[in-house]
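First up is the structure itself, then whatever we jot down about it.
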Amino acid sequence: MNKEIGGKMSPNEEENEEKQPIDEEEESIEDSPDEPIEDLDTQKELDRLRFHYRGFTLEELKKMNMDQFIQLLPARARRSLRRGLPPRQKKLLERLRRSYRAKKRGKDIVTRTHVRDMLIFPEMVGLKIG
């Protein structure tokens, strides 16, 4: 009662609050993990949940060459790539490629960097960058 206003509750009110039964509806809010998800049975809905960038899936983006990928980027990103990557970004890209090769061999390497203005290329997805 007074709890909403900020005052103290009497001992009787505290006991009543603790003893209130929990609604069964609140317990059944979570779906059990055994039940199959039937909402996602159509291919259209599954495609909607996959990652897309400008109509292309991540796998399609990874298969593209760099020129095709650059055409999908906004003007600011295209302009910066046309001018060339600065040495710090080139160094980061080399380190990420080494990390990718190590990941294929089973090692999971975290690449540490302070380069905050680097564009994210599809080949970087899935790597750990710190």
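If you're wondering about the labels, chains in the structure tokens are A, B, ... by order shown, residues count from 1 in each chain, ligands from 1 in order shown.
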Residue contacts of segment 99-107 of chain A (10 Å, only C-alpha atoms) excluding same-chain residues fewer than 6 positions away, as an mmCIF file with C-alpha atoms, in the first residue's frame:
data_model
loop_
_atom_site.group_PDB
_atom_site.id
_atom_site.type_symbol
_atom_site.label_atom_id
_atom_site.label_comp_id
_atom_site.auth_asym_id
_atom_site.auth_seq_id
_atom_site.Cartn_x
_atom_site.Cartn_y
_atom_site.Cartn_z
ATOM 1 C CA LEU A 93 43.643 -6.355 -42.140
ATOM 2 C CA GLU A 123 35.812 -11.651 -44.274
ATOM 3 C CA MET A 124 36.000 -10.140 -40.767
ATOM 4 C CA VAL A 125 32.687 -11.609 -39.623
ATOM 5 C CA GLY A 126 33.195 -14.373 -37.083
ATOM 6 C CA LEU A 127 36.651 -13.230 -35.935
ATOM 7 C CA LYS A 128 37.308 -11.930 -32.442
ATOM 8 C CA ILE A 129 38.502 -8.335 -32.427
#
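From atom CA of Thr113 of chain A back to atom CA of Leu72 of chain A, the distance works out to 26.0 Å.
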* To do: To one decimal in Å, tell me the separation between atom CA of Gly130 of chain A and atom CA of Pro87 of chain A.
  =>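 Answer for the atom CA of Gly130 of chain A to atom CA of Pro87 of chain A separation: 18.8 Å.
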>> What's the separation between atom CA of Gln89 of chain A and atom CA of Phe56 of chain A, in Å to one decimal place?
In response: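 Taking atom CA of Gln89 of chain A and atom CA of Phe56 of chain A, their separation equals 25.2 Å.
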